[in-house]
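For reference, entry_0.cif (mmCIF, C-alpha atoms and all ligand atoms):
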```
data_query
#
loop_
_atom_site.label_atom_id
_atom_site.label_comp_id
_atom_site.auth_asym_id
_atom_site.auth_seq_id
_atom_site.Cartn_x
_atom_site.Cartn_y
_atom_site.Cartn_z
CA MET A 1 -13.20 45.93 -49.65
CA ASP A 2 -12.73 48.37 -52.51
CA ARG A 3 -12.08 46.06 -55.47
CA PRO A 4 -14.24 42.94 -55.14
CA VAL A 5 -13.85 40.07 -57.59
CA ALA A 6 -17.09 39.27 -59.42
CA LEU A 7 -17.81 36.20 -61.54
CA THR A 8 -20.43 35.89 -64.26
CA ILE A 9 -21.63 32.47 -65.36
CA ALA A 10 -23.60 33.24 -68.52
CA GLY A 11 -23.85 33.16 -72.30
CA SER A 12 -22.05 35.29 -74.88
CA ASP A 13 -23.85 38.07 -76.81
CA PRO A 14 -21.67 39.19 -79.74
CA SER A 15 -23.58 42.49 -79.96
CA GLY A 16 -22.28 43.36 -76.50
CA GLY A 17 -25.47 44.58 -74.85
CA ALA A 18 -26.41 41.44 -72.92
CA GLY A 19 -24.82 38.28 -71.52
CA ILE A 20 -21.15 37.97 -70.57
CA GLN A 21 -20.18 41.13 -72.46
CA ALA A 22 -22.71 43.30 -70.59
CA ASP A 23 -21.75 41.69 -67.29
CA LEU A 24 -18.02 42.37 -67.68
CA LYS A 25 -18.64 45.99 -68.73
CA THR A 26 -20.93 46.46 -65.74
CA PHE A 27 -18.47 44.88 -63.30
CA HIS A 28 -15.68 47.11 -64.58
CA GLN A 29 -17.78 50.28 -64.55
CA LEU A 30 -18.97 49.64 -60.99
CA GLY A 31 -15.56 48.93 -59.51
CA ALA A 32 -15.38 45.14 -59.49
CA TYR A 33 -12.72 42.96 -61.12
CA GLY A 34 -14.58 40.81 -63.65
CA THR A 35 -14.15 37.09 -64.29
CA ALA A 36 -16.34 34.94 -66.56
CA VAL A 37 -17.35 31.33 -67.18
CA ILE A 38 -19.18 30.92 -70.50
CA THR A 39 -22.12 28.52 -70.76
CA ALA A 40 -23.11 29.09 -74.39
CA LEU A 41 -22.30 31.10 -77.48
CA THR A 42 -25.23 32.86 -79.10
CA ALA A 43 -25.36 34.28 -82.61
CA GLN A 44 -27.23 37.44 -81.72
CA ASN A 45 -27.61 41.11 -82.58
CA THR A 46 -29.91 43.89 -81.41
CA GLN A 47 -32.73 42.41 -83.52
CA GLY A 48 -32.72 38.81 -82.44
CA VAL A 49 -30.99 35.49 -81.83
CA THR A 50 -30.25 33.27 -84.85
CA GLY A 51 -28.45 30.43 -83.08
CA VAL A 52 -27.21 28.98 -79.81
CA HIS A 53 -24.12 26.79 -79.41
CA VAL A 54 -24.12 25.22 -75.96
CA VAL A 55 -20.92 24.48 -74.02
CA PRO A 56 -20.92 20.89 -72.70
CA ALA A 57 -21.82 20.86 -68.97
CA ALA A 58 -18.58 19.03 -68.16
CA PHE A 59 -16.59 21.88 -69.68
CA VAL A 60 -18.61 24.47 -67.73
CA ALA A 61 -17.56 22.47 -64.65
CA GLU A 62 -13.92 22.43 -65.79
CA GLN A 63 -13.91 26.21 -66.26
CA LEU A 64 -15.31 26.65 -62.74
CA GLU A 65 -12.93 24.15 -61.12
CA THR A 66 -9.87 25.72 -62.70
CA LEU A 67 -10.95 29.27 -61.90
CA LEU A 68 -11.99 28.57 -58.30
CA ALA A 69 -8.81 26.61 -57.57
CA ASP A 70 -6.88 29.82 -58.06
CA VAL A 71 -9.06 32.93 -57.77
CA GLY A 72 -11.17 34.08 -54.79
CA ILE A 73 -14.69 35.22 -55.76
CA ASP A 74 -16.65 37.78 -53.70
CA ALA A 75 -19.83 37.79 -55.77
CA VAL A 76 -21.29 35.64 -58.54
CA LYS A 77 -24.00 36.38 -61.09
CA LEU A 78 -25.73 33.52 -62.92
CA GLY A 79 -27.39 34.27 -66.25
CA MET A 80 -28.19 32.06 -69.27
CA LEU A 81 -28.02 28.43 -68.10
CA ALA A 82 -28.89 26.90 -71.45
CA THR A 83 -29.70 23.31 -70.49
CA ALA A 84 -30.92 21.35 -67.47
CA GLU A 85 -27.49 19.71 -67.25
CA ILE A 86 -25.70 23.08 -67.11
CA ALA A 87 -28.15 24.37 -64.48
CA GLU A 88 -27.57 21.25 -62.34
CA THR A 89 -23.80 21.52 -62.73
CA VAL A 90 -23.76 25.18 -61.75
CA GLY A 91 -26.08 24.36 -58.83
CA ARG A 92 -23.54 21.91 -57.43
CA PHE A 93 -20.89 24.65 -57.43
CA LEU A 94 -23.27 27.21 -55.91
CA ALA A 95 -24.16 24.84 -53.05
CA ALA A 96 -20.51 24.18 -52.12
CA GLU A 97 -17.54 26.25 -51.02
CA PRO A 98 -16.13 28.60 -52.10
CA LEU A 99 -19.19 29.93 -53.99
CA ALA A 100 -21.64 29.14 -51.15
CA SER A 101 -19.98 31.97 -49.16
CA ALA A 102 -20.02 34.48 -52.02
CA TYR A 103 -22.89 36.92 -52.63
CA SER A 104 -24.93 35.39 -55.45
CA VAL A 105 -27.47 36.78 -57.91
CA LEU A 106 -29.51 34.40 -60.06
CA ASP A 107 -31.12 35.91 -63.15
CA PRO A 108 -33.40 33.07 -64.33
CA VAL A 109 -32.98 33.93 -68.02
CA MET A 110 -35.38 32.10 -70.35
CA VAL A 111 -36.23 34.31 -73.36
CA ALA A 112 -34.37 37.29 -74.92
CA THR A 113 -35.94 40.77 -75.27
CA SER A 114 -36.51 39.88 -78.94
CA GLY A 115 -38.71 36.93 -77.89
CA ASP A 116 -36.17 34.26 -78.88
CA ARG A 117 -35.76 31.34 -76.48
CA LEU A 118 -32.28 31.12 -74.86
CA VAL A 119 -32.78 28.22 -72.46
CA ASP A 120 -34.27 24.76 -73.12
CA GLU A 121 -37.85 24.49 -71.88
CA ASP A 122 -36.93 21.38 -69.88
CA ALA A 123 -34.31 23.39 -67.92
CA THR A 124 -37.08 25.16 -65.99
CA ASP A 125 -37.24 22.51 -63.25
CA ALA A 126 -33.47 22.59 -62.78
CA ILE A 127 -33.52 26.41 -62.58
CA ARG A 128 -36.35 26.23 -60.01
CA GLU A 129 -34.09 24.01 -57.86
CA LEU A 130 -31.45 26.77 -57.87
CA LEU A 131 -33.74 29.45 -56.41
CA PRO A 132 -32.98 28.75 -52.71
CA LEU A 133 -29.23 28.67 -53.34
CA ALA A 134 -28.87 32.29 -54.50
CA SER A 135 -28.76 35.33 -52.19
CA VAL A 136 -31.19 37.07 -54.55
CA ILE A 137 -33.12 36.13 -57.69
CA THR A 138 -34.11 38.65 -60.39
CA PRO A 139 -36.91 37.24 -62.59
CA ASN A 140 -38.86 39.40 -65.04
CA VAL A 141 -42.66 39.14 -65.29
CA PRO A 142 -42.82 36.15 -67.70
CA GLU A 143 -40.05 34.27 -65.84
CA ALA A 144 -41.78 34.66 -62.46
CA ALA A 145 -44.98 33.27 -64.00
CA VAL A 146 -43.19 30.25 -65.49
CA LEU A 147 -41.38 29.50 -62.22
CA LEU A 148 -44.64 29.70 -60.25
CA GLY A 149 -46.75 27.98 -62.92
CA VAL A 150 -49.26 30.86 -62.99
CA GLU A 151 -50.39 33.61 -65.39
CA PRO A 152 -48.06 36.64 -65.69
CA ALA A 153 -48.74 39.56 -63.33
CA VAL A 154 -50.49 42.51 -64.99
CA ASP A 155 -50.03 45.16 -62.29
CA VAL A 156 -47.94 46.05 -59.23
CA PRO A 157 -50.22 44.34 -56.67
CA GLY A 158 -49.88 41.18 -58.77
CA LEU A 159 -46.09 41.57 -58.78
CA ARG A 160 -46.10 41.88 -54.98
CA VAL A 161 -48.05 38.64 -54.58
CA GLN A 162 -45.77 36.73 -56.96
CA ALA A 163 -42.55 38.11 -55.42
CA GLU A 164 -43.67 36.91 -51.99
CA ARG A 165 -44.73 33.51 -53.36
CA LEU A 166 -41.31 33.00 -54.99
CA ARG A 167 -39.88 33.44 -51.50
CA SER A 168 -42.36 31.60 -49.32
CA GLU A 169 -43.31 28.77 -51.70
CA LEU A 170 -40.22 28.26 -53.87
CA GLY A 171 -37.66 29.10 -51.19
CA ALA A 172 -35.86 32.09 -52.71
CA GLN A 173 -33.97 34.04 -50.02
CA ARG A 174 -34.65 37.45 -51.61
CA VAL A 175 -36.56 38.38 -54.75
CA LEU A 176 -36.22 41.39 -57.04
CA LEU A 177 -39.19 40.93 -59.38
CA LYS A 178 -38.60 43.28 -62.32
CA GLY A 179 -41.64 45.11 -63.63
CA GLY A 180 -40.12 46.35 -66.91
CA HIS A 181 -42.69 44.40 -68.96
CA LEU A 182 -45.69 45.99 -67.23
CA GLY A 183 -45.53 49.29 -69.13
CA GLY A 184 -46.96 52.49 -67.62
CA GLU A 185 -45.45 55.82 -66.60
CA GLN A 186 -43.11 54.33 -64.04
CA ALA A 187 -40.80 51.33 -63.96
CA VAL A 188 -41.64 49.51 -60.74
CA ASP A 189 -39.64 46.59 -59.35
CA VAL A 190 -40.80 44.65 -56.28
CA TRP A 191 -38.42 43.48 -53.57
CA ALA A 192 -39.36 40.65 -51.17
CA ASP A 193 -37.23 39.40 -48.29
CA GLU A 194 -37.77 38.18 -44.74
CA ASP A 195 -38.64 41.74 -43.66
CA GLY A 196 -41.54 42.03 -46.14
CA VAL A 197 -42.32 43.40 -49.57
CA ARG A 198 -41.37 46.86 -50.90
CA GLU A 199 -41.28 48.66 -54.22
CA PHE A 200 -38.42 50.37 -56.02
CA THR A 201 -39.85 52.90 -58.46
CA ASP A 202 -38.25 55.14 -61.06
CA GLU A 203 -39.48 57.08 -64.07
CA ARG A 204 -39.86 54.92 -67.19
CA VAL A 205 -37.39 56.01 -69.86
CA ASP A 206 -38.95 56.44 -73.30
CA THR A 207 -36.48 54.34 -75.33
CA LYS A 208 -36.28 51.26 -77.50
CA ASN A 209 -32.75 50.60 -76.23
CA THR A 210 -33.60 48.01 -73.60
CA HIS A 211 -31.53 45.05 -74.83
CA GLY A 212 -29.70 43.52 -71.87
CA THR A 213 -31.28 45.59 -69.10
CA GLY A 214 -31.94 42.43 -67.06
CA CYS A 215 -28.35 41.15 -67.45
CA THR A 216 -26.99 44.59 -66.58
CA LEU A 217 -29.19 44.85 -63.47
CA SER A 218 -28.15 41.45 -62.08
CA SER A 219 -24.43 41.99 -62.71
CA ALA A 220 -24.63 45.47 -61.14
CA LEU A 221 -26.14 43.91 -58.00
CA ALA A 222 -23.25 41.43 -57.84
CA ALA A 223 -20.64 44.16 -58.40
CA LEU A 224 -22.07 46.55 -55.83
CA ARG A 225 -23.22 44.28 -52.99
CA PRO A 226 -19.68 43.63 -51.63
CA GLN A 227 -19.07 47.40 -51.64
CA LEU A 228 -22.29 48.33 -49.78
CA SER A 229 -23.80 47.35 -46.45
CA ASP A 230 -27.08 45.55 -47.27
CA TRP A 231 -29.16 44.03 -50.06
CA PRO A 232 -32.14 46.43 -50.21
CA GLY A 233 -29.79 49.44 -50.30
CA THR A 234 -27.80 47.77 -53.07
CA ALA A 235 -30.99 47.09 -55.03
CA ARG A 236 -32.13 50.71 -54.75
CA ILE A 237 -28.80 52.17 -55.90
CA THR A 238 -28.55 49.60 -58.69
CA LYS A 239 -32.00 50.51 -60.03
CA PHE A 240 -31.21 54.23 -60.13
CA TRP A 241 -27.90 53.54 -61.91
CA LEU A 242 -29.74 51.37 -64.45
CA THR A 243 -32.27 54.14 -65.16
CA SER A 244 -29.37 56.51 -65.83
CA ALA A 245 -27.75 53.90 -68.10
CA LEU A 246 -31.08 53.50 -69.97
CA THR A 247 -31.36 57.30 -70.32
CA ASN A 248 -27.78 57.49 -71.59
CA GLY A 249 -28.48 54.71 -74.13
CA ASP A 250 -29.37 57.41 -76.66
CA ARG A 251 -25.68 58.46 -76.68
CA LEU A 252 -25.02 55.19 -78.52
CA GLU A 253 -26.17 54.11 -81.94
CA ILE A 254 -25.62 50.37 -81.93
CA GLY A 255 -27.55 48.21 -84.39
CA HIS A 256 -31.04 48.65 -85.80
CA GLY A 257 -33.21 46.86 -83.23
CA HIS A 258 -33.32 47.13 -79.45
CA GLY A 259 -29.96 48.77 -78.74
CA PRO A 260 -28.04 48.46 -75.47
CA VAL A 261 -28.01 50.69 -72.41
CA ASP A 262 -24.84 52.77 -71.95
CA HIS A 263 -22.80 50.79 -69.42
CA PHE A 264 -20.34 53.70 -69.35
CA THR A 265 -22.54 55.55 -66.85
CA GLU A 266 -21.28 56.95 -63.55
CA LEU A 267 -22.80 55.53 -60.38
CA ASN A 268 -23.56 59.05 -59.17
CA ASP A 269 -25.19 60.10 -62.47
CA THR A 270 -28.42 61.39 -60.94
CA ARG A 271 -30.64 61.13 -64.03
CA GLY A 272 -32.04 57.90 -62.67
CA THR A 273 -32.67 59.17 -59.18
CA GLN A 274 -36.15 60.26 -58.26
CA PRO A 275 -36.29 63.52 -56.23
N1 LIG B 301 -38.04 51.86 -70.21
C1 LIG B 301 -37.57 51.67 -68.98
N2 LIG B 301 -37.31 52.71 -68.16
C2 LIG B 301 -36.82 52.55 -66.91
N3 LIG B 301 -36.55 51.33 -66.40
C3 LIG B 301 -36.79 50.24 -67.16
C4 LIG B 301 -37.30 50.33 -68.47
N4 LIG B 301 -37.43 49.06 -68.99
C5 LIG B 301 -36.98 48.24 -68.04
N5 LIG B 301 -36.61 48.93 -66.92
C6 LIG B 301 -36.03 48.40 -65.70
O1 LIG B 301 -34.93 47.59 -66.14
C7 LIG B 301 -34.83 46.43 -65.33
C8 LIG B 301 -34.99 45.19 -66.20
O2 LIG B 301 -36.36 45.05 -66.45
P1 LIG B 301 -37.09 43.99 -67.35
O3 LIG B 301 -38.33 43.64 -66.64
O4 LIG B 301 -37.22 44.57 -68.72
O5 LIG B 301 -36.05 42.79 -67.36
P2 LIG B 301 -35.68 41.71 -68.45
O6 LIG B 301 -36.90 41.37 -69.25
O7 LIG B 301 -35.00 40.62 -67.74
O8 LIG B 301 -34.65 42.46 -69.36
P3 LIG B 301 -34.02 41.99 -70.75
O9 LIG B 301 -34.51 43.05 -71.71
O10 LIG B 301 -32.57 42.07 -70.55
O11 LIG B 301 -34.50 40.60 -71.06
C9 LIG B 301 -35.87 46.62 -64.24
O12 LIG B 301 -35.28 47.28 -63.15
C10 LIG B 301 -36.93 47.48 -64.91
O13 LIG B 301 -37.72 48.20 -63.99
C1 LIG B 302 -26.39 35.66 -73.88
C2 LIG B 302 -27.65 36.32 -73.41
N1 LIG B 302 -28.00 36.21 -72.11
C3 LIG B 302 -29.13 36.80 -71.66
C4 LIG B 302 -29.93 37.53 -72.51
C5 LIG B 302 -31.22 38.16 -71.99
O1 LIG B 302 -31.27 39.50 -72.19
C6 LIG B 302 -29.52 37.64 -73.87
N2 LIG B 302 -30.26 38.34 -74.77
N3 LIG B 302 -28.39 37.02 -74.28
#
```

What does this structure look like when you write it as structure tokens?
Amino acid sequence: MDRPVALTIAGSDPSGGAGIQADLKTFHQLGAYGTAVITALTAQNTQGVTGVHVVPAAFVAEQLETLLADVGIDAVKLGMLATAEIAETVGRFLAAEPLASAYSVLDPVMVATSGDRLVDEDATDAIRELLPLASVITPNVPEAAVLLGVEPAVDVPGLRVQAERLRSELGAQRVLLKGGHLGGEQAVDVWADEDGVREFTDERVDTKNTHGTGCTLSSALAALRPQLSDWPGTARITKFWLTSALTNGDRLEIGHGHGPVDHFTELNDTRGTQP
């Protein structure tokens, strides 16, 4: 399969670094044909979110029904699910054909890089119900803590424990627990699946341009998985590509806050690859 069809179910970011816009750029750059179902409009720039306009859950369902009646989907990425009703609606589609047979990546988005809330607090339970339905989930440190109802991890051993608990206690099939918020010399992500727990490590890039890194990572996983042979290999390659895209972010001057990564980064750009 050389041109998989990828679907993003997420919110719009007018500044183009996160959400649907980041997902479609990532799909295109990594060789997938991009399709999109929009769950919410945000008024957002690189400095923060000033407003959220939620799409009614019934219309999220209508977008999905109409799309899936016509277009075959190889991989789906789920991002900002703004309300409990939207999360439940999307869950019904994820549990049934045709999406149940697609590769699926759930990014349990809650709060933007700027600290602004993107998803209703009472949607957390509905998002927790989705965890077992996705092939892989990609929480960041605060999201993992909220899902587990514990304090955020402060180091890599803590990440390892929480990644495994998301799998064994909350039923996730595979977990990529992102360590971006930990700080330190290296950016360490922890992978947990039925074969155990491992770390994916790369040099931390010294940049403020980190807006949308989580969205970009999850959509890259969805774009690449149908083109590669297994999940851990896909996660490793995706992380190295993301480090290159973060490094290349300084080629762009977008906005005055946390700018975006450069999605226009080749997969074989080796700046993200550790020796
Ligand atoms: N400065 C950095 N250098 C290298 N990798 C980074 C850096 N910051 C984040 N990452 C990596 O980017 C990915 C996203 O990490 P992070 O934990 O920041 O997710 P997030 O909080 O969901 O992102 P977002 O900023 O989109 O909300 C992870 O693979 C993480 O290791
Ligand atoms: C629309 C949207 N989705 C997700 C994020 C998280 O980065 C964001 N900032 N905006």

Fill in: Near-ligand residues for ligand LIG 302 (chain B), threshold 9 Å, only C-alpha atoms and all ligand atoms, as an MDAnalysis selection string
chainID A and resid 10:14 17:22 39:46 48:49 52 79:81 107 109:114 116 118 210:216

Discussion item. Let me see if you get this right: every residue at most 9 Å from ligand LIG 301 (chain B), counting only C-alpha atoms and all ligand atoms, written as JSON, numbers by chain.
Written reply: {"A": [17, 18, 19, 107, 108, 109, 110, 111, 112, 113, 114, 115, 138, 139, 140, 141, 142, 143, 176, 177, 178, 179, 180, 181, 182, 183, 185, 186, 187, 188, 189, 200, 201, 202, 203, 204, 205, 206, 207, 208, 209, 210, 211, 212, 213, 214, 215, 216, 217, 218, 238, 239, 240, 242, 243, 244, 246, 247, 258, 272]}

Now that the selection is made, can you save its residues with C-alpha atoms as a PDB file, in the frame of the given file?
```pdb
ATOM      1  CA  GLY A  17     -25.470  44.580 -74.850  1.00  0.00           C
ATOM      2  CA  ALA A  18     -26.410  41.440 -72.920  1.00  0.00           C
ATOM      3  CA  GLY A  19     -24.820  38.280 -71.520  1.00  0.00           C
ATOM      4  CA  ASP A 107     -31.120  35.910 -63.150  1.00  0.00           C
ATOM      5  CA  PRO A 108     -33.400  33.070 -64.330  1.00  0.00           C
ATOM      6  CA  VAL A 109     -32.980  33.930 -68.020  1.00  0.00           C
ATOM      7  CA  MET A 110     -35.380  32.100 -70.350  1.00  0.00           C
ATOM      8  CA  VAL A 111     -36.230  34.310 -73.360  1.00  0.00           C
ATOM      9  CA  ALA A 112     -34.370  37.290 -74.920  1.00  0.00           C
ATOM     10  CA  THR A 113     -35.940  40.770 -75.270  1.00  0.00           C
ATOM     11  CA  SER A 114     -36.510  39.880 -78.940  1.00  0.00           C
ATOM     12  CA  GLY A 115     -38.710  36.930 -77.890  1.00  0.00           C
ATOM     13  CA  THR A 138     -34.110  38.650 -60.390  1.00  0.00           C
ATOM     14  CA  PRO A 139     -36.910  37.240 -62.590  1.00  0.00           C
ATOM     15  CA  ASN A 140     -38.860  39.400 -65.040  1.00  0.00           C
ATOM     16  CA  VAL A 141     -42.660  39.140 -65.290  1.00  0.00           C
ATOM     17  CA  PRO A 142     -42.820  36.150 -67.700  1.00  0.00           C
ATOM     18  CA  GLU A 143     -40.050  34.270 -65.840  1.00  0.00           C
ATOM     19  CA  LEU A 176     -36.220  41.390 -57.040  1.00  0.00           C
ATOM     20  CA  LEU A 177     -39.190  40.930 -59.380  1.00  0.00           C
ATOM     21  CA  LYS A 178     -38.600  43.280 -62.320  1.00  0.00           C
ATOM     22  CA  GLY A 179     -41.640  45.110 -63.630  1.00  0.00           C
ATOM     23  CA  GLY A 180     -40.120  46.350 -66.910  1.00  0.00           C
ATOM     24  CA  HIS A 181     -42.690  44.400 -68.960  1.00  0.00           C
ATOM     25  CA  LEU A 182     -45.690  45.990 -67.230  1.00  0.00           C
ATOM     26  CA  GLY A 183     -45.530  49.290 -69.130  1.00  0.00           C
ATOM     27  CA  GLU A 185     -45.450  55.820 -66.600  1.00  0.00           C
ATOM     28  CA  GLN A 186     -43.110  54.330 -64.040  1.00  0.00           C
ATOM     29  CA  ALA A 187     -40.800  51.330 -63.960  1.00  0.00           C
ATOM     30  CA  VAL A 188     -41.640  49.510 -60.740  1.00  0.00           C
ATOM     31  CA  ASP A 189     -39.640  46.590 -59.350  1.00  0.00           C
ATOM     32  CA  PHE A 200     -38.420  50.370 -56.020  1.00  0.00           C
ATOM     33  CA  THR A 201     -39.850  52.900 -58.460  1.00  0.00           C
ATOM     34  CA  ASP A 202     -38.250  55.140 -61.060  1.00  0.00           C
ATOM     35  CA  GLU A 203     -39.480  57.080 -64.070  1.00  0.00           C
ATOM     36  CA  ARG A 204     -39.860  54.920 -67.190  1.00  0.00           C
ATOM     37  CA  VAL A 205     -37.390  56.010 -69.860  1.00  0.00           C
ATOM     38  CA  ASP A 206     -38.950  56.440 -73.300  1.00  0.00           C
ATOM     39  CA  THR A 207     -36.480  54.340 -75.330  1.00  0.00           C
ATOM     40  CA  LYS A 208     -36.280  51.260 -77.500  1.00  0.00           C
ATOM     41  CA  ASN A 209     -32.750  50.600 -76.230  1.00  0.00           C
ATOM     42  CA  THR A 210     -33.600  48.010 -73.600  1.00  0.00           C
ATOM     43  CA  HIS A 211     -31.530  45.050 -74.830  1.00  0.00           C
ATOM     44  CA  GLY A 212     -29.700  43.520 -71.870  1.00  0.00           C
ATOM     45  CA  THR A 213     -31.280  45.590 -69.100  1.00  0.00           C
ATOM     46  CA  GLY A 214     -31.940  42.430 -67.060  1.00  0.00           C
ATOM     47  CA  CYS A 215     -28.350  41.150 -67.450  1.00  0.00           C
ATOM     48  CA  THR A 216     -26.990  44.590 -66.580  1.00  0.00           C
ATOM     49  CA  LEU A 217     -29.190  44.850 -63.470  1.00  0.00           C
ATOM     50  CA  SER A 218     -28.150  41.450 -62.080  1.00  0.00           C
ATOM     51  CA  THR A 238     -28.550  49.600 -58.690  1.00  0.00           C
ATOM     52  CA  LYS A 239     -32.000  50.510 -60.030  1.00  0.00           C
ATOM     53  CA  PHE A 240     -31.210  54.230 -60.130  1.00  0.00           C
ATOM     54  CA  LEU A 242     -29.740  51.370 -64.450  1.00  0.00           C
ATOM     55  CA  THR A 243     -32.270  54.140 -65.160  1.00  0.00           C
ATOM     56  CA  SER A 244     -29.370  56.510 -65.830  1.00  0.00           C
ATOM     57  CA  LEU A 246     -31.080  53.500 -69.970  1.00  0.00           C
ATOM     58  CA  THR A 247     -31.360  57.300 -70.320  1.00  0.00           C
ATOM     59  CA  HIS A 258     -33.320  47.130 -79.450  1.00  0.00           C
ATOM     60  CA  GLY A 272     -32.040  57.900 -62.670  1.00  0.00           C
TER      61      GLY A 272
END
```

Worksheet, complete the sentence: Closest of A:Arg92, A:Arg174, A:Arg198, A:Arg160 to Val60 of chain A, counting only C-alpha atoms, is A:Arg92

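For the pair atom CA of Pro232 of chain A and atom CA of Asp125 of chain A, the separation is 27.7 Å.
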
Discussion item. As an exercise, work out the distance from atom CA of Glu121 of chain A to atom CA of Ile86 of chain A in Å and give it to one decimal place.
Written reply: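 The value is 13.1 Å.
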
Response to the item:
Students should find that atom CA of Gln227 of chain A and atom CA of Pro4 of chain A are spaced 7.4 Å

Practice prompt. For Thr26 of chain A, please output as a PyMOL selection string all residues within 8 Å (counting only C-alpha atoms; exclusion window: fewer than 4 positions along the same chain).
Written response: chain A and resi 22+30+216+219-220+223+263

Worksheet item: Of the candidates A:Glu85, A:Ser104, A:Ser15, A:Val161, which shows the shortest atom-to-atom distance to Gln47 of chain A, using only C-alpha atoms?
Response: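 Under the stated criterion, the closest residue is A:Ser15.
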
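Nearest-residue note for Ala126 of chain A: choosing from A:Gly72, A:Ala163, A:Ala87, A:Ala6, the minimum distance belongs to A:Ala87, counting all atoms listed in the file.
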
Item to complete: Find the residue from A:Phe93, A:Ala100, A:Ala84, A:Val190 that sits nearest to Glu62 of chain A; use all atoms listed in the file when measuring.
Response: A:Phe93

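Of the listed residues (A:Thr83, A:Thr8, A:Thr66, A:Gln29), A:Gln29 comes nearest to Glu266 of chain A; the distances count only C-alpha atoms.
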
Worksheet item: Which residues, written as a list in words, have at least one atom at most 6 Å from Ile137 of chain A, with all atoms listed in the file counted and residues fewer than 2 positions away on the same chain left out?
Response: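 In the requested format, the answer is Val105, Leu106, Asp107 and Val175 of chain A.
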
Worksheet entry | Residue nearest Val136 of chain A - candidates A:Arg167, A:Arg3, A:His53, A:Arg236, atoms counted: only C-alpha atoms |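 Under the stated criterion, the closest residue is A:Arg167.
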